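Let me begin by presenting the structure, written as structure tokens, before commenting on it.
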Amino acid sequence: MKRQDYLKWDEYFMGIALLSAERSKDPNTSVGACIVSEDNKILSVGYNGMPIGCSDDEFPWEREGSTLDTKYVYVCHAEMNAILNYTGPHMKNAKLYVTLFPCNECAKALIQKGITEIIYLSDKYADTDITKASKRMLNAAGVTYRGYTPINRDIIISL
């Protein structure tokens, strides 16, 4: 008889997104993303961080202060990194697993790449204009989104 406690697809791919988030150097918000094809193959992963060539030690990670002294104008979001990391022909009808609901800028890119479903772990900024704009565009483009329901299971990986 086969094992019964194996990970379902949603659990597996959200786990990959969570593991990817562990690469982020952001001291406040670590985000991970995993893009998956229609036939459940991982196409790409990403996490939030500074662009290549922009030192994690030299660019700011602050959340408050003048615009140029905060992370917001520099950090590349996990979803955008996952899109930019992909080297295949297309992402049409792919799904995105992400630990934080996509902002409006990432939503635009996801729509343009043909991603049709978003599964997210947290929507803690749901009341912000950025997230409202994101959902408005996703709805207009026919992209579905749903919250991931945690299974409350710990998996220990010894590295």
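Chain labels A, B, ... are given in the sequence in which chains occur in the structure tokens; within each chain residues are numbered consecutively from 1, and ligands are likewise numbered from 1 in the order shown.
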
Can you tell me which residues surround stretch 36-52 of chain A at a distance of at most 9 Å, considering only C-alpha atoms, apart from same-chain residues fewer than 2 positions away, and format the answer as a PyMOL selection string? chain A and resi 9+13+16-17+20-26+29-34+54-56+59+71+74-88+91-97

Output file for the selection above: N, CA and C atoms, as a compact mmCIF listing (two decimals), in the first residue's frame:
```txt
# COMPACT_ATOMS: atom_id res chain seq x y z
N TRP A 9 0.00 18.54 -4.31
CA TRP A 9 0.67 19.51 -5.16
C TRP A 9 0.74 20.89 -4.51
N PHE A 13 4.34 22.78 -3.75
CA PHE A 13 4.76 24.01 -4.40
C PHE A 13 4.80 25.20 -3.44
N ILE A 16 8.03 24.90 -1.71
CA ILE A 16 9.13 25.40 -2.54
C ILE A 16 9.19 26.93 -2.43
N ALA A 17 8.04 27.59 -2.46
CA ALA A 17 7.99 29.05 -2.32
C ALA A 17 8.53 29.47 -0.94
N SER A 20 12.25 29.03 -0.90
CA SER A 20 12.87 30.10 -1.69
C SER A 20 12.95 31.39 -0.89
N ALA A 21 11.92 31.67 -0.10
CA ALA A 21 11.90 32.88 0.73
C ALA A 21 13.09 32.92 1.69
N GLU A 22 13.60 31.77 2.06
CA GLU A 22 14.73 31.70 2.98
C GLU A 22 16.03 32.24 2.37
N ARG A 23 16.04 32.49 1.05
CA ARG A 23 17.21 33.09 0.39
C ARG A 23 17.21 34.61 0.52
N SER A 24 16.07 35.20 0.87
CA SER A 24 15.97 36.65 0.95
C SER A 24 16.81 37.21 2.09
N LYS A 25 17.43 38.36 1.83
CA LYS A 25 18.21 39.04 2.87
C LYS A 25 17.39 40.10 3.58
N ASP A 26 16.14 40.31 3.16
CA ASP A 26 15.28 41.34 3.75
C ASP A 26 15.02 41.01 5.22
N THR A 29 10.62 41.30 5.60
CA THR A 29 9.66 40.54 4.80
C THR A 29 10.40 39.67 3.80
N SER A 30 10.43 38.38 4.04
CA SER A 30 11.02 37.43 3.10
C SER A 30 9.89 36.81 2.29
N VAL A 31 9.98 36.94 0.97
CA VAL A 31 8.93 36.43 0.09
C VAL A 31 9.55 35.45 -0.89
N GLY A 32 8.84 34.35 -1.14
CA GLY A 32 9.27 33.37 -2.11
C GLY A 32 8.16 33.09 -3.11
N ALA A 33 8.56 32.70 -4.32
CA ALA A 33 7.60 32.42 -5.38
C ALA A 33 8.04 31.20 -6.17
N CYS A 34 7.06 30.46 -6.64
CA CYS A 34 7.31 29.26 -7.45
C CYS A 34 6.28 29.24 -8.59
N CYS A 54 23.93 44.80 -7.36
CA CYS A 54 23.60 45.77 -6.32
C CYS A 54 23.79 45.08 -4.97
N SER A 55 24.83 45.44 -4.28
CA SER A 55 25.23 44.74 -3.07
C SER A 55 24.16 44.79 -1.97
N ASP A 56 23.89 43.62 -1.41
CA ASP A 56 22.97 43.49 -0.27
C ASP A 56 23.48 44.30 0.93
N PHE A 59 23.06 48.60 -0.38
CA PHE A 59 21.74 49.18 -0.61
C PHE A 59 20.89 49.04 0.65
N LYS A 71 14.18 50.46 1.05
CA LYS A 71 14.34 49.31 0.14
C LYS A 71 13.39 49.34 -1.05
N TYR A 74 14.44 49.77 -4.71
CA TYR A 74 15.54 48.94 -5.16
C TYR A 74 15.22 47.45 -5.26
N VAL A 75 14.48 46.93 -4.31
CA VAL A 75 14.27 45.48 -4.23
C VAL A 75 13.44 44.95 -5.40
N CYS A 76 13.88 43.84 -5.93
CA CYS A 76 13.12 43.12 -6.96
C CYS A 76 12.27 42.07 -6.25
N HIS A 77 10.96 42.10 -6.47
CA HIS A 77 10.05 41.19 -5.78
C HIS A 77 10.24 39.75 -6.24
N ALA A 78 9.82 38.83 -5.39
CA ALA A 78 9.97 37.40 -5.66
C ALA A 78 9.31 36.98 -6.97
N GLU A 79 8.10 37.49 -7.22
CA GLU A 79 7.38 37.13 -8.44
C GLU A 79 8.13 37.60 -9.67
N MET A 80 8.63 38.84 -9.60
CA MET A 80 9.39 39.39 -10.73
C MET A 80 10.67 38.60 -10.95
N ASN A 81 11.36 38.25 -9.87
CA ASN A 81 12.56 37.43 -10.01
C ASN A 81 12.25 36.07 -10.62
N ALA A 82 11.14 35.47 -10.22
CA ALA A 82 10.76 34.17 -10.79
C ALA A 82 10.49 34.30 -12.29
N ILE A 83 9.84 35.38 -12.68
CA ILE A 83 9.59 35.61 -14.12
C ILE A 83 10.92 35.83 -14.84
N LEU A 84 11.78 36.67 -14.30
CA LEU A 84 13.05 36.99 -14.95
C LEU A 84 14.02 35.82 -14.94
N ASN A 85 13.91 34.93 -13.97
CA ASN A 85 14.78 33.75 -13.90
C ASN A 85 14.39 32.68 -14.92
N TYR A 86 13.18 32.74 -15.45
CA TYR A 86 12.69 31.71 -16.37
C TYR A 86 13.35 31.84 -17.73
N THR A 87 13.80 30.73 -18.27
CA THR A 87 14.46 30.75 -19.58
C THR A 87 13.70 29.96 -20.64
N GLY A 88 12.52 29.46 -20.32
CA GLY A 88 11.75 28.66 -21.26
C GLY A 88 10.97 29.49 -22.26
N MET A 91 4.97 30.91 -20.38
CA MET A 91 4.37 30.56 -19.09
C MET A 91 2.85 30.49 -19.22
N LYS A 92 2.36 30.39 -20.42
CA LYS A 92 0.92 30.40 -20.65
C LYS A 92 0.22 29.35 -19.79
N ASN A 93 -0.81 29.78 -19.08
CA ASN A 93 -1.64 28.93 -18.22
C ASN A 93 -0.90 28.36 -17.01
N ALA A 94 0.22 28.98 -16.66
CA ALA A 94 0.97 28.54 -15.47
C ALA A 94 0.29 29.06 -14.20
N LYS A 95 0.71 28.49 -13.07
CA LYS A 95 0.24 28.92 -11.75
C LYS A 95 1.42 29.50 -10.99
N LEU A 96 1.11 30.44 -10.11
CA LEU A 96 2.11 31.02 -9.24
C LEU A 96 1.77 30.70 -7.80
N TYR A 97 2.72 30.12 -7.09
CA TYR A 97 2.62 29.93 -5.64
C TYR A 97 3.51 30.99 -5.04
```

Could you pull out the residues in stretch 19-134 of chain A that DSSP calls helix (DSSP H, G or I) from the backbone, as a ChimeraX atom specification? /A:19-21,67-69,71-73,78-85,104-113,129-134

Assign secondary structure with DSSP using the backbone only, and return the residues of stretch 125-154 of chain A in strand (DSSP E or B) as a VMD selection string. chain A and resid 144 to 147

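With atom CA of A:Ala141 on one side and atom CA of A:Ile119 on the other, the separation reads 16.1 Å.
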
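Going from atom CA of A:Leu18 to atom CA of A:Trp61 covers 20.4 Å.
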
Please list as a ChimeraX atom specification every residue within 9 Å of A:Gly142, counting only C-alpha atoms and excluding residues in the same chain fewer than 4 positions away. /A:111,116-117,137-138

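Proximity of A:Glu11, A:Asp5, A:Val73, A:Ser66 to A:Ile151, computed with only C-alpha atoms, is greatest for A:Glu11.
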
Which residues are near A:Leu121? Cut-off 7 Å, only C-alpha atoms, ignore same chain within fewer than 4 positions. Put them as JSON, numbers by chain. {"A": [98, 99, 100, 147, 148]}
